[in-house]
Structures are given as structure tokens and as C-alpha cells.
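Everything below concerns the one structure shown next.
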Amino acid sequence: MAGAAARAGSAVTSHGGRDLEHIAALAFDTGGTVFDWHSAVQQAFERQGGIRHVEADWPALTKTWRRLSTSMVDAGLPQEDGRVTIDMDDVLALTLDDTLERHAVTGFTSDDRSELVHAWRRMEPWPDVATAMPRFRERFIIVPFSILSTALLVEASRRSQLTWDAVFSCEMMGVYKTHPTTYATVARWLELPPDRIMMVSTHNNDIRAARASSFHTAFVYRPDEWSDIPSPDPEPGEAAELVASDFADLARQLGLSLP
């Protein structure tokens with residue numbers, strides 16, 4: 001990884017008085033920032049519901065499932081010897097059961113439930129991602145830094161033909177964002193000081209935790225993340241050093257030109 005750091009070490013133009021010239025790597029939140037989770041999950045609910053002749057408010061179930069899975073991670077996952085013993089696929093399976101119960105949805109088989117969990121691997125990137133990512137990678141090391149499982153990140157990225165320099169799932173660390181250990185681990189694995197890494201996310205809790213760990217930060221708007229309602233925390237907070245309307249805007253702010 002030291003060789004990759006050397007490759008990515010070309011200077012970045014300072015922007016708005018902020019010293020960004022030493023940034024060598026961009027770490028991307030995935031679910032919501034890179035990928036549109038809501039569309040993939042809602043479509044899976046609709047598909048399995050159609051097969052089983054089950055009717056429900058699928059957009060509402062989609063949102064409940066996301067809230068419950070995120071809340072479960074935030075509350076702290078079961079551990080043994082200081083390491084988390086389940087991954088996000090397990091979290092999604094457990095919270096799917098709760099989601100269906102809360103919405104009084106019955107009729108799904110165990111195979112249906114497995115298919116719904118697998119739907120998260122079919123997330124599509126937002127439209128601006130495909131053009132911007134290759135440009136980011138020309139100058140920076142680029143990695144996903146996500147609570148989602150390693151296998152999920154690999155499969156979703158391969159389906160979308162996204163190329164990363166490495167894949168960093170919190171599953172690999174045994175501890176989950178937004179714990180400070182996760183940010184320190186990414187810096188250690190990249191063999192970079194934290195202030196040479198920029199966290200790119202549409203989630204303020206991620207941005208705040210990254211900034212507290214000495215990362216640079218960029219908040220990217222994703223107004224359609226929750227489909228027909230605003231996201232729970234839609235506006236950037238004070239911890240965001242850069243604020244971008246999308247990845248193309250972020251690229252320009254980092255001194256990159258796009259086709």
C-alpha cells in the first residue's frame with residue numbers, strides 16, 4: 001500500500017483557503033453516498049411481494065428496514081473478546097424479521113427473506129458516480145469505507161464496474177463506524193496520517209467522527225437517498241470542510257476536470 005500512497009501523492013490545489021494539497025486518499029461511505037439503497041430494496045420488496053401475492057406499503061418497509069439496521073449498529077453489536085461477532089448481512093436478516101412484523105407482513109418464505117437481504121448487493125450507483133470515480137482514482141487512492149459486509153461491497157462494485165484500490169469493510173476490523181478505531185484502522189492500513197485522508201459521505205455522523213479522527217471531510221448531497229422524503233439529516237454540519245452537490249462538483253472542488 002505504500003507504493004499506492006506514493007502514486008497518489010500529487011498535490012491537490014487548495015480550495016477556499018483550506019489546505020488540501022496533502023490529501024492522498026478518499027474514503028467513501030457507500031450505502032447512500034455511492035449507492036442508491038432505497039431503489040434496490042424497494043424493488044426487491046415489490047418483486048417478492050408480487051411472487052407471493054403480498055401487498056404492503058413497500059416504500060415504508062424499505063425505510064423501516066434501513067432505520068432498524070442502522071439503529072442496531074449504532075446501539076452496539078454483540079462482541080466476543082472485543083470483536084463484533086456478526087456482520088451486516090446478519091444485521092439485515094435480523095432486522096428484516098422485525099420490519100415485517102412491525103408492518104404485519106406475512107407470507108414470505110425463508111428463501112424470500114434471503115432474496116431480500118441479497119437485494120442490498122444489487123444497489124446501483126448514483127448517476128454521477130461512474131464518470132467521477134475514474135477521475136478521482138487518477139489522483140487519489142480511493143476506497144469504500146463502509147459498515148456493509150466485504151462480500152456485499154465486492155459484489156455491488158463488480159456489478160457496477162467500480163474499481164477501488166482496496167475494499168475496507170468494518171467487518172474486517174471487528175468494530176463499526178462511527179467508533180474512532182475504525183478511522184484509525186483505515187489510516188493504518190493505508191500507511192497514511194489521518195490528515196492525508198478525506199472522508200466522503202452524505203451522513204453527518206460519519207463526517208463528524210472522521211473529522212474528530214483528524215480526517216479531512218466532504219459532505220455530498222444525496223437528496224433522493226430516502227426517495228420521497230428528506231433524509232434524517234439532510235444538511236451538512238460544521239464538521240464538513242467541503243460541501244458538494246454531487247461527485248462531479250466534489251471533483252471540481254478538488255481540482256479535477258471531468259469530461
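Ligands are numbered from 1 in the order shown, chains are lettered A, B, ... in the order of the C-alpha cells, and residues start at 1 in each chain.
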
List every residue of stretch 37-124 of chain A that has an atom at most 10 Å from any atom of stretch 210-230 of chain A, and for each one report the closest atom pair and its distance in Å to one decimal, counting only C-alpha atoms, with rows sorted by chain and then by increasing residue number, as a Markdown table.
| residue | atom | partner | partner_atom | distance |
| --- | --- | --- | --- | --- |
| A:Trp37 | CA | A:Glu225 | CA | 7.5 |
| A:His38 | CA | A:Trp226 | CA | 6.3 |
| A:Ser39 | CA | A:Ser227 | CA | 7.7 |
| A:Gln42 | CA | A:Ser227 | CA | 9.9 |
| A:Pro59 | CA | A:Ser227 | CA | 8.3 |
| A:Thr62 | CA | A:Trp226 | CA | 9.1 |
| A:Lys63 | CA | A:Trp226 | CA | 7.2 |
| A:Arg66 | CA | A:Trp226 | CA | 9.6 |

Written file, previous selection with N, CA, C and O atoms, as a CSV table (one decimal), in the first residue's frame:
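selection_2.csv, freshly written:
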chain,number,residue,atom,x,y,z
A,37,TRP,N,-29.5,2.8,-2.1
A,37,TRP,CA,-30.0,1.6,-1.5
A,37,TRP,C,-31.5,1.5,-1.6
A,37,TRP,O,-32.1,0.4,-1.7
A,38,HIS,N,-32.2,2.7,-1.5
A,38,HIS,CA,-33.7,2.6,-1.4
A,38,HIS,C,-34.3,2.0,-2.7
A,38,HIS,O,-35.2,1.1,-2.5
A,39,SER,N,-33.8,2.4,-3.8
A,39,SER,CA,-34.5,1.8,-5.0
A,39,SER,C,-34.3,0.3,-5.1
A,39,SER,O,-35.2,-0.4,-5.4
A,42,GLN,N,-36.5,-1.4,-2.3
A,42,GLN,CA,-38.0,-1.3,-2.6
A,42,GLN,C,-38.4,-2.2,-3.8
A,42,GLN,O,-39.4,-2.9,-3.7
A,59,PRO,N,-42.5,1.1,0.1
A,59,PRO,CA,-41.5,2.2,0.4
A,59,PRO,C,-41.4,2.4,1.9
A,59,PRO,O,-40.3,2.7,2.4
A,62,THR,N,-39.2,-0.3,3.3
A,62,THR,CA,-37.8,-0.1,2.9
A,62,THR,C,-37.2,0.9,3.9
A,62,THR,O,-36.0,0.6,4.4
A,63,LYS,N,-37.9,1.9,4.3
A,63,LYS,CA,-37.3,2.9,5.2
A,63,LYS,C,-37.2,2.4,6.6
A,63,LYS,O,-36.2,2.6,7.3
A,66,ARG,N,-34.1,0.1,6.8
A,66,ARG,CA,-32.9,0.9,6.9
A,66,ARG,C,-32.7,1.5,8.4
A,66,ARG,O,-31.6,1.4,8.9

Can you tell me, as a PyMOL selection string, what residues are no more than 8 Å from stretch 23-34 of chain A when counting only C-alpha atoms, ignoring any on the same chain fewer than 2 positions away?
chain A and resi 5+8-12+20-21+36-37+125-126+129+139-146+148+195-202+220+222+225

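Using only C-alpha atoms, the smallest distance between any of A:Trp189, A:Ala244, A:Gln253, A:Ala93 and A:Ser110 comes from A:Ala93.
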
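The space between atom CA of A:Leu162 and atom CA of A:Met123 spans 12.2 Å.
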
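Shortest separation to A:Cys170 among A:Val243, A:Gly50, A:Leu153, A:Pro232 occurs at residue A:Leu153, atoms counted being only C-alpha atoms.
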
Enumerate, in order of chain and increasing residue number, the residues of stretch 145-170 of chain A with an atom no farther than 12 Å from stretch 132-136 of chain A, each with its shortest atom pair and distance in Å to one decimal, counting only C-alpha atoms, as CSV.
residue,atom,partner,partner_atom,distance
A:Ser157,CA,A:Met133,CA,11.7
A:Ser160,CA,A:Met133,CA,11.6
A:Gln161,CA,A:Met133,CA,10.6
A:Leu162,CA,A:Met133,CA,7.7
A:Thr163,CA,A:Pro134,CA,8.0
A:Trp164,CA,A:Met133,CA,8.9
A:Asp165,CA,A:Phe136,CA,11.2

With only C-alpha atoms as the counted atoms, please give the residues lying no more than 8 Å from A:Arg121, apart from itself and same-chain residues fewer than 2 positions off, as a PyMOL selection string.
chain A and resi 118-119+123+152-153+155-156

Which value, in Å to one decimal, gives the distance between atom CA of A:Ser114 and atom CA of A:Leu92?
9.8 Å

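Nearest residue to A:Asp98 among A:Thr185, A:Ser149, A:Gln43, A:Thr64 is A:Thr64, counting only C-alpha atoms.
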
Write out as an MDAnalysis selection string each polymer residue whose atoms come within 9 Å of A:Ala248, counting only C-alpha atoms; drop sequence neighbours fewer than 2 positions from it.
chainID A and resid 128:129 131:132 244:246 250:253 256:258

Write down as number ranges by chain the residues of stretch 27-70 of chain A whose backbone DSSP state falls under strand (DSSP E or B).
A: 27-28, 31, 35-36

If you run DSSP on this backbone, which residues of stretch 39-156 of chain A come out as helix (DSSP H, G or I), and could you give them as JSON, numbers by chain?
{"A": [39, 40, 41, 42, 43, 44, 45, 46, 47, 48, 49, 50, 51, 52, 58, 59, 60, 61, 62, 63, 64, 65, 66, 67, 68, 69, 70, 71, 72, 73, 74, 75, 88, 89, 90, 91, 92, 93, 94, 95, 96, 97, 98, 99, 100, 101, 102, 110, 111, 112, 113, 114, 115, 116, 117, 118, 119, 120, 121, 122, 129, 130, 131, 132, 133, 134, 135, 136, 137, 138, 139, 150, 151, 152, 153, 154, 155, 156]}

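The space separating atom CA of A:Thr109 from atom CA of A:Glu55 comes to 14.9 Å.
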
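Closest approach to A:Leu100 from the set A:Ala44, A:Val54, A:Leu116, A:Leu61 is made by A:Leu61, with distances taken over only C-alpha atoms.
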